[in-house]
$ cat input39.txt   # compact mmCIF, C-alpha atoms
# COMPACT_ATOMS: atom_id res chain seq x y z
CA MET A 1 3.18 19.18 -1.20
CA SER A 2 2.85 19.51 -4.96
CA ARG A 3 1.70 16.53 -6.97
CA GLU A 4 2.45 18.35 -10.21
CA GLY A 5 3.44 15.91 -12.91
CA ILE A 6 2.06 12.90 -10.99
CA GLU A 7 -0.48 10.74 -12.77
CA PHE A 8 -2.63 8.36 -10.73
CA ARG A 9 -3.63 5.07 -12.33
CA GLU A 10 -5.07 1.74 -11.31
CA GLY A 11 -3.92 -1.66 -12.49
CA THR A 12 -1.51 -0.60 -15.23
CA ALA A 13 1.89 -1.49 -13.73
CA THR A 14 3.61 -4.56 -15.12
CA GLN A 15 5.46 -7.04 -12.97
CA GLU A 16 8.69 -5.44 -14.18
CA ASP A 17 7.45 -1.94 -13.21
CA ILE A 18 6.55 -3.20 -9.74
CA GLN A 19 9.87 -5.01 -9.28
CA THR A 20 11.90 -1.98 -10.40
CA HIS A 21 9.95 0.26 -8.02
CA LEU A 22 10.29 -2.10 -5.05
CA GLU A 23 14.01 -2.57 -5.66
CA ALA A 24 14.44 1.22 -5.74
CA CYS A 25 12.50 1.56 -2.46
CA ASP A 26 14.19 -1.43 -0.77
CA VAL A 27 16.71 0.63 1.19
CA ASP A 28 13.89 2.77 2.66
CA PHE A 29 12.15 -0.22 4.27
CA SER A 30 12.92 -0.98 7.89
CA PRO A 31 14.09 -3.70 7.81
CA ARG A 32 14.89 -3.83 4.11
CA LEU A 33 12.18 -5.51 2.06
CA SER A 34 14.77 -7.79 0.42
CA LEU A 35 15.56 -9.27 3.84
CA LYS A 36 11.93 -10.38 4.24
CA VAL A 37 10.91 -11.43 0.72
CA ASP A 38 12.32 -12.24 -2.69
CA ILE A 39 11.41 -9.00 -4.49
CA GLY A 40 11.07 -10.70 -7.87
CA GLU A 41 8.63 -13.31 -6.54
CA TYR A 42 6.77 -10.71 -4.47
CA SER A 43 6.40 -8.52 -7.58
CA ARG A 44 5.02 -11.47 -9.54
CA LYS A 45 2.49 -12.21 -6.79
CA ILE A 46 1.37 -8.57 -6.64
CA SER A 47 1.10 -8.38 -10.42
CA ALA A 48 -0.92 -11.59 -10.63
CA ARG A 49 -3.21 -11.29 -7.60
CA ALA A 50 -3.40 -7.77 -6.18
CA LYS A 51 -5.18 -4.64 -7.22
CA THR A 52 -2.62 -1.89 -7.71
CA PHE A 53 -3.01 1.83 -7.15
CA GLU A 54 -0.18 3.66 -8.82
CA ALA A 55 1.49 7.06 -8.98
CA TRP A 56 3.52 7.70 -12.12
CA PHE A 57 5.97 10.43 -12.98
CA GLY A 58 6.38 10.11 -16.72
CA ASP A 59 7.07 6.44 -17.37
CA THR A 60 8.39 5.78 -13.85
CA LEU A 61 6.32 4.18 -11.13
CA VAL A 62 6.96 6.38 -8.06
CA GLY A 63 4.18 5.25 -5.72
CA LEU A 64 2.38 1.96 -5.21
CA VAL A 65 -0.35 0.60 -2.99
CA ALA A 66 -1.14 -3.07 -3.59
CA ALA A 67 -4.08 -4.79 -1.96
CA TYR A 68 -5.76 -8.15 -2.03
CA MET A 69 -9.54 -7.84 -2.20
CA ASN A 70 -10.46 -11.40 -3.01
CA ASP A 71 -11.96 -12.79 0.20
CA SER A 72 -15.65 -12.51 -0.59
CA ARG A 73 -16.54 -14.88 2.25
CA THR A 74 -15.21 -12.64 5.02
CA ARG A 75 -15.44 -9.47 2.89
CA SER A 76 -12.00 -8.48 4.09
CA GLY A 77 -9.00 -7.13 2.21
CA PHE A 78 -5.33 -6.79 2.98
CA ILE A 79 -2.92 -4.05 1.92
CA THR A 80 0.35 -5.80 1.21
CA ASN A 81 2.40 -2.82 0.06
CA VAL A 82 2.57 0.96 0.47
CA THR A 83 5.65 2.54 -1.09
CA VAL A 84 6.63 5.94 -2.42
CA ALA A 85 10.03 6.62 -3.97
CA LYS A 86 12.14 8.73 -1.62
CA ALA A 87 12.37 11.68 -4.03
CA PHE A 88 8.55 11.87 -4.12
CA MET A 89 7.82 11.56 -0.38
CA GLY A 90 6.04 14.37 1.42
CA ARG A 91 3.67 15.18 -1.45
CA GLY A 92 0.62 13.32 -0.16
CA ILE A 93 1.05 10.52 -2.69
CA ALA A 94 0.67 7.69 -0.16
CA SER A 95 -2.53 9.27 1.23
CA ALA A 96 -3.96 9.72 -2.26
CA LEU A 97 -3.16 6.12 -3.20
CA LEU A 98 -4.61 4.77 0.04
CA ASP A 99 -7.79 6.84 -0.45
CA ARG A 100 -8.17 5.29 -3.92
CA CYS A 101 -7.56 1.83 -2.50
CA LEU A 102 -10.13 2.29 0.26
CA ALA A 103 -12.73 3.66 -2.17
CA ARG A 104 -12.20 0.64 -4.42
CA SER A 105 -12.42 -1.70 -1.41
CA ARG A 106 -15.78 -0.21 -0.56
CA ARG A 107 -17.00 -0.65 -4.17
CA GLU A 108 -15.75 -4.27 -4.14
CA GLY A 109 -17.93 -4.93 -1.07
CA MET A 110 -15.11 -5.22 1.45
CA GLU A 111 -16.11 -4.47 5.03
CA VAL A 112 -12.65 -4.46 6.61
CA ILE A 113 -9.12 -3.99 5.34
CA GLY A 114 -5.93 -4.75 7.23
CA LEU A 115 -2.22 -4.18 6.94
CA GLU A 116 1.00 -4.80 8.80
CA VAL A 117 3.71 -2.25 9.45
CA SER A 118 7.03 -2.19 11.26
CA MET A 119 6.76 -0.60 14.71
CA GLU A 120 9.81 1.46 13.71
CA ASN A 121 7.91 3.11 10.87
CA ARG A 122 6.22 5.73 13.02
CA GLU A 123 5.46 8.01 10.07
CA ALA A 124 3.50 5.28 8.31
CA ILE A 125 1.64 4.39 11.51
CA ARG A 126 0.63 8.04 11.94
CA LEU A 127 -0.64 8.11 8.34
CA TYR A 128 -2.67 4.93 8.81
CA GLU A 129 -4.15 6.23 12.07
CA LYS A 130 -5.04 9.51 10.35
CA LEU A 131 -6.92 7.48 7.73
CA GLY A 132 -8.85 5.65 10.47
CA PHE A 133 -6.85 2.46 10.94
CA SER A 134 -6.52 1.16 14.48
CA GLU A 135 -3.98 -1.16 16.02
CA LEU A 136 -5.09 -4.76 16.49
CA GLU A 137 -1.97 -6.37 17.91
CA ARG A 138 1.80 -6.36 18.03
CA LYS A 139 3.94 -9.38 17.24
CA GLY A 140 7.59 -8.67 17.74
CA LYS A 141 8.28 -5.51 15.76
CA ILE A 142 5.18 -5.83 13.56
CA VAL A 143 1.98 -3.88 14.18
CA SER A 144 -1.23 -5.28 12.69
CA MET A 145 -3.79 -2.61 11.90
CA ARG A 146 -7.26 -2.64 10.42
CA LEU A 147 -9.96 -0.31 9.22
CA MET A 148 -13.65 -0.99 9.11
CA ILE A 149 -14.45 0.30 5.62
CA SER A 150 -17.84 1.62 6.64
CA GLU A 151 -16.12 3.86 9.22
CA LYS A 152 -13.82 5.45 6.62
CA ARG A 153 -15.00 8.76 5.29
CA GLN A 154 -16.28 8.60 1.73
CA SER A 155 -13.60 9.80 -0.71
$ encode --input "input39.txt" --output "structure tokens"
Amino acid sequence: MSREGIEFREGTATQEDIQTHLEACDVDFSPRLSLKVDIGEYSRKISARAKTFEAWFGDTLVGLVAAYMNDSRTRSGFITNVTVAKAFMGRGIASALLDRCLARSRREGMEVIGLEVSMENREAIRLYEKLGFSELERKGKIVSMRLMISEKRQS
């Protein structure tokens, strides 16, 4: 579970970095991300509107958590993306990125953060549950989960 050579950053990835990373991870989504969204447009939206938490290996983006934290009225956020390049899985990168995202959410005044995940992605669901997320509902093959930020352990 070595993170040797991994550099964690926030908000430095360009739209092109995000698109390249998502295209590389596309095959690991279930179903493929490209079947649900236009990756180029999705990358532009993330780059323009989301806060990004990034894992870099040299000049390559190998892990990404992207979250919207802009609903000050409801003080809720939404994690739109959690991806780690296949060659870098199993090193705790997703957990580290999510911890950074949740800490930032707390600092931004968010009270709750949600996400959606494919029911088939049992490994991701286990990770989210370990971090304190709980299932809200299921719609088809999608599980909606949320975390009350105040309940999350301080990072």
$ residues_around --input "input39.txt" --residues "stretch 56-65 of chain A" --least-positions-apart "3" --cutoff "6 Å" --atoms "all atoms listed in the file" --output "ChimeraX atom specification"
/A:6-7,52-53,81-85
$ closest_residue --input "input39.txt" --among "A:Asp38, A:Glu123, A:Asp28, A:Glu54" --to "A:Glu10" --atoms "all atoms listed in the file"
A:Glu54
$ atom_distance --input "input39.txt" --atom1 "atom CA of A:Cys25" --atom2 "atom CA of A:Arg107"
29.6 Å
$ closest_residue --input "input39.txt" --among "A:Ala50, A:Ile149, A:Ile93, A:Ile79" --to "A:Met110" --atoms "all atoms listed in the file"
A:Ile149
$ residues_around --input "input39.txt" --residues "A:Arg73" --least-positions-apart "3" --cutoff "12 Å" --atoms "only C-alpha atoms" --output "mmCIF file with C-alpha atoms, keeping the file's coordinate frame"
data_model
loop_
_atom_site.group_PDB
_atom_site.id
_atom_site.type_symbol
_atom_site.label_atom_id
_atom_site.label_comp_id
_atom_site.auth_asym_id
_atom_site.auth_seq_id
_atom_site.Cartn_x
_atom_site.Cartn_y
_atom_site.Cartn_z
ATOM 1 C CA MET A 69 -9.540 -7.840 -2.200
ATOM 2 C CA ASN A 70 -10.460 -11.400 -3.010
ATOM 3 C CA SER A 76 -12.000 -8.480 4.090
ATOM 4 C CA GLY A 77 -9.000 -7.130 2.210
ATOM 5 C CA GLY A 109 -17.930 -4.930 -1.070
ATOM 6 C CA MET A 110 -15.110 -5.220 1.450
ATOM 7 C CA GLU A 111 -16.110 -4.470 5.030
ATOM 8 C CA VAL A 112 -12.650 -4.460 6.610
#
$ residues_around --input "input39.txt" --residues "stretch 141-147 of chain A" --least-positions-apart "2" --cutoff "9 Å" --atoms "all atoms listed in the file" --output "list in words"
Phe78, Glu111, Val112, Ile113, Gly114, Leu115, Glu116, Val117, Ser118, Met119, Glu120, Ile125, Tyr128, Glu129, Leu131, Gly132, Phe133, Ser134, Glu135, Leu136, Glu137, Arg138, Lys139, Ile149, Ser150, Glu151 and Lys152 of chain A
$ atom_distance --input "input39.txt" --atom1 "atom CA of A:Thr74" --atom2 "atom CA of A:Arg126"
27.0 Å
$ atom_distance --input "input39.txt" --atom1 "atom CA of A:Arg122" --atom2 "atom CA of A:Glu23"
21.9 Å
$ axis_aligned_box --input "input39.txt" --around "stretch 25-29 of chain A" --padding-each-side "8 Å" --output "lines of an AutoDock Vina configuration file"
center_x = 14.4
center_y = 0.7
center_z = 0.9
size_x = 20.6
size_y = 20.2
size_z = 22.7
$ closest_residue --input "input39.txt" --among "A:Arg3, A:Arg106, A:Lys45, A:His21" --to "A:Phe88" --atoms "only C-alpha atoms"
A:Arg3
$ decode --input "input39.txt" --residues "stretch 88-126 of chain A" --atoms "C-alpha atoms" --output "short mmCIF file (atom, residue, chain, number, x, y, z; two decimals), in the first residue's frame"
data_model
loop_
_atom_site.label_atom_id
_atom_site.label_comp_id
_atom_site.auth_asym_id
_atom_site.auth_seq_id
_atom_site.Cartn_x
_atom_site.Cartn_y
_atom_site.Cartn_z
CA PHE A 88 -2.32 2.77 -8.82
CA MET A 89 -5.29 1.04 -7.16
CA GLY A 90 -4.84 -0.61 -3.78
CA ARG A 91 -2.52 2.06 -2.38
CA GLY A 92 -5.08 4.00 -0.37
CA ILE A 93 -5.15 6.85 -2.87
CA ALA A 94 -8.96 7.05 -3.08
CA SER A 95 -9.24 7.13 0.73
CA ALA A 96 -6.60 9.85 0.99
CA LEU A 97 -8.31 11.95 -1.69
CA LEU A 98 -11.73 11.49 -0.09
CA ASP A 99 -10.32 12.46 3.33
CA ARG A 100 -8.96 15.67 1.78
CA CYS A 101 -12.29 16.34 0.09
CA LEU A 102 -14.25 15.82 3.31
CA ALA A 103 -11.88 18.05 5.30
CA ARG A 104 -12.28 20.80 2.70
CA SER A 105 -16.07 20.33 2.73
CA ARG A 106 -16.05 20.89 6.47
CA ARG A 107 -13.92 24.05 6.08
CA GLU A 108 -16.29 25.30 3.35
CA GLY A 109 -19.20 24.99 5.81
CA MET A 110 -20.86 22.00 4.19
CA GLU A 111 -23.02 19.93 6.52
CA VAL A 112 -23.74 17.00 4.22
CA ILE A 113 -22.09 15.54 1.14
CA GLY A 114 -23.59 12.99 -1.22
CA LEU A 115 -22.55 10.76 -4.07
CA GLU A 116 -23.93 8.13 -6.39
CA VAL A 117 -22.31 4.81 -7.18
CA SER A 118 -23.18 1.78 -9.27
CA MET A 119 -24.59 -1.07 -7.18
CA GLU A 120 -22.09 -3.30 -9.02
CA ASN A 121 -19.14 -1.37 -7.60
CA ARG A 122 -19.07 -3.18 -4.28
CA GLU A 123 -15.48 -2.17 -3.52
CA ALA A 124 -16.34 1.52 -3.79
CA ILE A 125 -19.46 1.07 -1.66
CA ARG A 126 -17.37 -0.62 1.05
#
